[in-house]
$ cat input_38.txt   # compact mmCIF, C-alpha atoms
# COMPACT_ATOMS: atom_id res chain seq x y z
CA MET Z 1008 -30.75 -89.85 16.94
CA SER Z 1009 -32.49 -93.18 17.36
CA ALA Z 1010 -33.11 -94.75 20.74
CA PRO Z 1011 -30.55 -97.30 21.92
CA VAL Z 1012 -31.37 -100.99 21.76
CA ILE Z 1013 -31.70 -102.58 25.19
CA ARG Z 1014 -30.18 -106.06 25.03
CA PRO Z 1015 -28.44 -108.62 27.23
CA ALA Z 1016 -24.84 -107.71 28.01
CA THR Z 1017 -22.04 -109.87 26.64
CA LEU Z 1018 -18.39 -110.35 27.53
CA ALA Z 1019 -17.52 -108.04 24.63
CA ASP Z 1020 -19.38 -105.20 26.41
CA LEU Z 1021 -17.29 -105.44 29.57
CA PRO Z 1022 -14.51 -103.00 28.62
CA ALA Z 1023 -17.13 -100.28 28.02
CA ILE Z 1024 -19.05 -101.27 31.17
CA THR Z 1025 -15.81 -101.13 33.15
CA ALA Z 1026 -15.04 -97.64 31.80
CA ILE Z 1027 -18.54 -96.37 32.68
CA TYR Z 1028 -18.27 -97.74 36.20
CA ASP Z 1029 -14.71 -96.43 36.59
CA ASP Z 1030 -16.01 -92.92 35.94
CA ALA Z 1031 -18.92 -93.42 38.37
CA VAL Z 1032 -16.55 -94.55 41.13
CA ARG Z 1033 -13.98 -91.78 40.54
CA THR Z 1034 -16.36 -88.86 40.07
CA GLY Z 1035 -19.76 -89.69 41.57
CA THR Z 1036 -21.59 -90.72 44.70
CA ALA Z 1037 -24.06 -93.18 43.16
CA THR Z 1038 -21.70 -95.94 44.27
CA PHE Z 1039 -19.89 -95.97 47.59
CA GLU Z 1040 -17.04 -97.98 46.10
CA LEU Z 1041 -13.81 -95.99 46.49
CA ASP Z 1042 -11.43 -97.71 44.08
CA PRO Z 1043 -12.60 -98.60 40.57
CA PRO Z 1044 -12.40 -102.33 39.89
CA GLY Z 1045 -10.54 -103.43 36.80
CA LEU Z 1046 -11.75 -105.53 33.90
CA ASP Z 1047 -10.93 -108.85 35.61
CA GLU Z 1048 -13.02 -107.99 38.66
CA MET Z 1049 -15.88 -106.62 36.56
CA THR Z 1050 -15.80 -109.82 34.49
CA ALA Z 1051 -15.98 -111.94 37.65
CA ARG Z 1052 -18.94 -109.89 38.92
CA PHE Z 1053 -20.69 -110.18 35.54
CA GLU Z 1054 -20.20 -113.93 35.35
CA GLY Z 1055 -21.35 -114.36 38.95
CA LEU Z 1056 -24.61 -112.56 38.21
CA LEU Z 1057 -25.23 -114.52 35.01
CA ASP Z 1058 -24.41 -117.80 36.78
CA GLY Z 1059 -26.99 -116.84 39.42
CA GLY Z 1060 -29.65 -116.35 36.74
CA PHE Z 1061 -29.86 -112.56 37.10
CA PRO Z 1062 -30.44 -110.16 34.20
CA TYR Z 1063 -27.61 -107.92 33.00
CA LEU Z 1064 -28.46 -105.45 30.23
CA VAL Z 1065 -26.80 -102.79 28.10
CA ALA Z 1066 -28.15 -99.86 26.14
CA ASP Z 1067 -26.50 -100.25 22.73
CA ALA Z 1068 -26.36 -96.96 20.82
CA ARG Z 1069 -25.13 -97.86 17.35
CA GLY Z 1070 -22.57 -100.33 18.61
CA GLU Z 1071 -21.49 -98.30 21.65
CA VAL Z 1072 -22.53 -99.06 25.21
CA ALA Z 1073 -24.39 -95.99 26.48
CA GLY Z 1074 -25.22 -97.57 29.83
CA TYR Z 1075 -25.88 -100.78 31.65
CA ALA Z 1076 -28.15 -102.20 34.32
CA TYR Z 1077 -28.38 -105.40 36.27
CA ALA Z 1078 -30.26 -107.03 39.08
CA GLY Z 1079 -28.54 -109.06 41.75
CA PRO Z 1080 -29.28 -110.54 45.12
CA TYR Z 1081 -30.67 -108.07 47.62
CA ARG Z 1082 -29.27 -110.06 50.52
CA ALA Z 1083 -27.50 -113.40 50.82
CA ARG Z 1084 -29.90 -115.25 53.15
CA PRO Z 1085 -32.24 -117.68 51.37
CA ALA Z 1086 -35.45 -116.00 52.53
CA TYR Z 1087 -34.53 -112.99 50.35
CA ARG Z 1088 -34.16 -115.08 47.17
CA PHE Z 1089 -37.24 -113.53 45.51
CA THR Z 1090 -36.03 -109.96 46.08
CA VAL Z 1091 -33.41 -108.28 43.88
CA GLU Z 1092 -31.44 -105.06 44.06
CA ASN Z 1093 -30.96 -103.08 40.88
CA SER Z 1094 -28.02 -101.06 39.60
CA ILE Z 1095 -27.93 -98.66 36.65
CA TYR Z 1096 -24.97 -96.69 35.31
CA LEU Z 1097 -24.83 -94.45 32.26
CA ALA Z 1098 -22.02 -92.98 30.22
CA THR Z 1099 -21.79 -89.24 30.85
CA THR Z 1100 -22.90 -88.55 27.25
CA ALA Z 1101 -26.02 -90.72 27.72
CA ARG Z 1102 -27.54 -88.97 30.72
CA ARG Z 1103 -30.91 -87.19 30.64
CA ARG Z 1104 -31.98 -88.93 27.42
CA GLY Z 1105 -34.38 -91.55 28.82
CA ILE Z 1106 -31.83 -94.36 28.61
CA GLY Z 1107 -31.79 -95.02 32.35
CA LEU Z 1108 -35.58 -95.38 32.41
CA ALA Z 1109 -35.52 -97.68 29.38
CA LEU Z 1110 -32.89 -99.87 31.06
CA LEU Z 1111 -34.81 -99.92 34.35
CA ASN Z 1112 -38.14 -100.76 32.73
CA ARG Z 1113 -36.58 -103.68 30.83
CA LEU Z 1114 -34.79 -104.81 34.00
CA VAL Z 1115 -38.15 -104.94 35.80
CA VAL Z 1116 -39.59 -107.13 33.02
CA GLU Z 1117 -36.56 -109.43 32.98
CA SER Z 1118 -36.53 -109.79 36.78
CA ARG Z 1119 -40.25 -110.55 36.91
CA SER Z 1120 -39.82 -113.22 34.21
CA ARG Z 1121 -37.21 -114.90 36.41
CA GLY Z 1122 -39.67 -115.20 39.31
CA HIS Z 1123 -38.54 -112.27 41.42
CA ARG Z 1124 -41.25 -110.44 43.37
CA GLN Z 1125 -39.64 -107.27 44.71
CA MET Z 1126 -36.93 -104.92 43.46
CA ILE Z 1127 -35.02 -102.66 45.81
CA ALA Z 1128 -33.11 -99.57 44.72
CA VAL Z 1129 -30.31 -98.61 47.09
CA ILE Z 1130 -29.48 -95.15 45.78
CA GLY Z 1131 -26.21 -93.61 46.87
CA ASP Z 1132 -26.50 -89.99 47.99
CA SER Z 1133 -29.86 -88.42 48.77
CA ALA Z 1134 -28.81 -85.56 46.46
CA ASN Z 1135 -28.93 -87.96 43.49
CA ALA Z 1136 -32.18 -86.43 42.22
CA ALA Z 1137 -31.91 -87.96 38.74
CA SER Z 1138 -31.77 -91.53 40.05
CA ILE Z 1139 -34.54 -90.93 42.57
CA ALA Z 1140 -36.71 -89.42 39.81
CA VAL Z 1141 -36.12 -92.22 37.29
CA HIS Z 1142 -36.98 -94.83 39.90
CA GLY Z 1143 -40.15 -92.92 40.74
CA ARG Z 1144 -41.12 -92.83 37.04
CA ALA Z 1145 -40.59 -96.59 36.92
CA GLY Z 1146 -43.08 -97.18 39.73
CA PHE Z 1147 -40.75 -97.35 42.73
CA GLN Z 1148 -41.99 -96.03 46.06
CA MET Z 1149 -39.83 -94.17 48.56
CA ILE Z 1150 -39.11 -96.38 51.57
CA GLY Z 1151 -36.74 -94.19 53.52
CA THR Z 1152 -33.33 -92.62 53.91
CA LEU Z 1153 -30.38 -93.95 55.86
CA HIS Z 1154 -28.54 -90.84 56.97
CA ASP Z 1155 -24.74 -90.46 56.94
CA VAL Z 1156 -23.99 -94.14 56.28
CA GLY Z 1157 -21.23 -93.66 53.69
CA PHE Z 1158 -18.12 -91.49 53.62
CA LYS Z 1159 -16.70 -90.50 50.23
CA PHE Z 1160 -14.97 -87.41 48.86
CA GLY Z 1161 -14.52 -86.07 52.38
CA ARG Z 1162 -18.19 -85.99 53.28
CA TRP Z 1163 -20.92 -88.14 54.78
CA LEU Z 1164 -23.53 -89.48 52.37
CA ASP Z 1165 -27.04 -90.82 52.76
CA THR Z 1166 -28.54 -93.87 51.10
CA VAL Z 1167 -32.09 -93.68 49.74
CA LEU Z 1168 -34.16 -96.86 49.65
CA MET Z 1169 -36.91 -97.30 47.06
CA GLN Z 1170 -38.95 -100.41 46.33
CA ARG Z 1171 -41.14 -101.77 43.57
CA GLU Z 1172 -43.33 -104.86 43.47
CA LEU Z 1173 -42.65 -106.90 40.37

$ encode --input "input_38.txt" --output "structure tokens"
Amino acid sequence: MSAPVIRPATLADLPAITAIYDDAVRTGTATFELDPPGLDEMTARFEGLLDGGFPYLVADARGEVAGYAYAGPYRARPAYRFTVENSIYLATTARRRGIGLALLNRLVVESRSRGHRQMIAVIGDSANAASIAVHGRAGFQMIGTLHDVGFKFGRWLDTVLMQREL
């Protein structure tokens, strides 16, 4: 099977992106969101990021969205404007195939080209070894762990912070 093409996301990709995120919200701890947003909300989020000049990418595997990644503002205050936070989500069938790393590496390039200087990964659940490992392979350094800051699925969850200079 050939590697997916990493390309900018389009409005036509949003139903697949919404389905991938729906599964992540309902079954995983990578996001601390409790209720999956629908297509209208995901479209508004997508358009907001594009309007802000942030990159939003998909991994296109023969016309199917295997995963997506985007960078957005790390924090709202103007002094943080050169720092972005990244997000990556994969379809369950696309995991452990190098797609997350390919998306993240391209996201780093795209963010750097837009003048950003730092990228922060806020990884939900310190047990999320796959995400921690892929960020490490992409040059992120461990910054620390915020213990028991989220509550989902009846348990307390940590948040792991990783950072990479762009």

$ residues_around --input "input_38.txt" --residues "Gly1079 in chain Z" --least-positions-apart "3" --cutoff "12 Å" --atoms "only C-alpha atoms" --output "PyMOL selection string"
chain Z and resi 1052-1063+1076+1082-1083+1087-1095+1114+1117-1118+1121+1123+1125-1129

$ closest_residue --input "input_38.txt" --among "Z:Ala1078, Z:Ala1019, Z:Leu1046, Z:Ala1010" --to "Ala1101 in chain Z" --atoms "only C-alpha atoms"
Z:Ala1010

$ residues_around --input "input_38.txt" --residues "Thr1100 in chain Z" --least-positions-apart "4" --cutoff "10 Å" --atoms "only C-alpha atoms" --output "list in words"
Ala1073, Gly1074 and Arg1104 of chain Z

$ write_last_selection --input "input_38.txt" --atoms "C-alpha atoms" --output "PDB file, in the coordinates of the input"
ATOM      1  CA  ALA Z1073     -24.390 -95.990  26.480  1.00  0.00           C
ATOM      2  CA  GLY Z1074     -25.220 -97.570  29.830  1.00  0.00           C
ATOM      3  CA  ARG Z1104     -31.980 -88.930  27.420  1.00  0.00           C
TER       4      ARG Z1104
END

$ atom_distance --input "input_38.txt" --atom1 "CA of Ala1140 in chain Z" --atom2 "CA of Asp1067 in chain Z"
22.7 Å

$ atom_distance --input "input_38.txt" --atom1 "CA of Asp1165 in chain Z" --atom2 "CA of Arg1033 in chain Z"
17.9 Å

$ residues_around --input "input_38.txt" --residues "Ala1023 in chain Z" --least-positions-apart "2" --cutoff "12 Å" --atoms "only C-alpha atoms" --output "ChimeraX atom specification"
/Z:1016-1021,1025-1030,1045-1046,1049-1050,1065-1067,1070-1075,1096-1098

$ atom_distance --input "input_38.txt" --atom1 "CA of Trp1163 in chain Z" --atom2 "CA of Thr1099 in chain Z"
24.0 Å

$ closest_residue --input "input_38.txt" --among "Z:Arg1144, Z:Pro1044, Z:Gly1131, Z:Ala1136" --to "Gly1105 in chain Z" --atoms "only C-alpha atoms"
Z:Arg1144

$ residues_around --input "input_38.txt" --residues "Val1032 in chain Z" --least-positions-apart "4" --cutoff "7 Å" --atoms "all atoms listed in the file" --output "list in words"
Tyr1028, Thr1038, Glu1040, Leu1041, Asp1042 and Pro1043 of chain Z

$ closest_residue --input "input_38.txt" --among "Z:Arg1113, Z:Gly1107, Z:Arg1124, Z:Glu1172" --to "His1142 in chain Z" --atoms "only C-alpha atoms"
Z:Gly1107

$ closest_residue --input "input_38.txt" --among "Z:Pro1022, Z:Ser1138, Z:Met1169, Z:Phe1039" --to "Val1156 in chain Z" --atoms "all atoms listed in the file"
Z:Phe1039
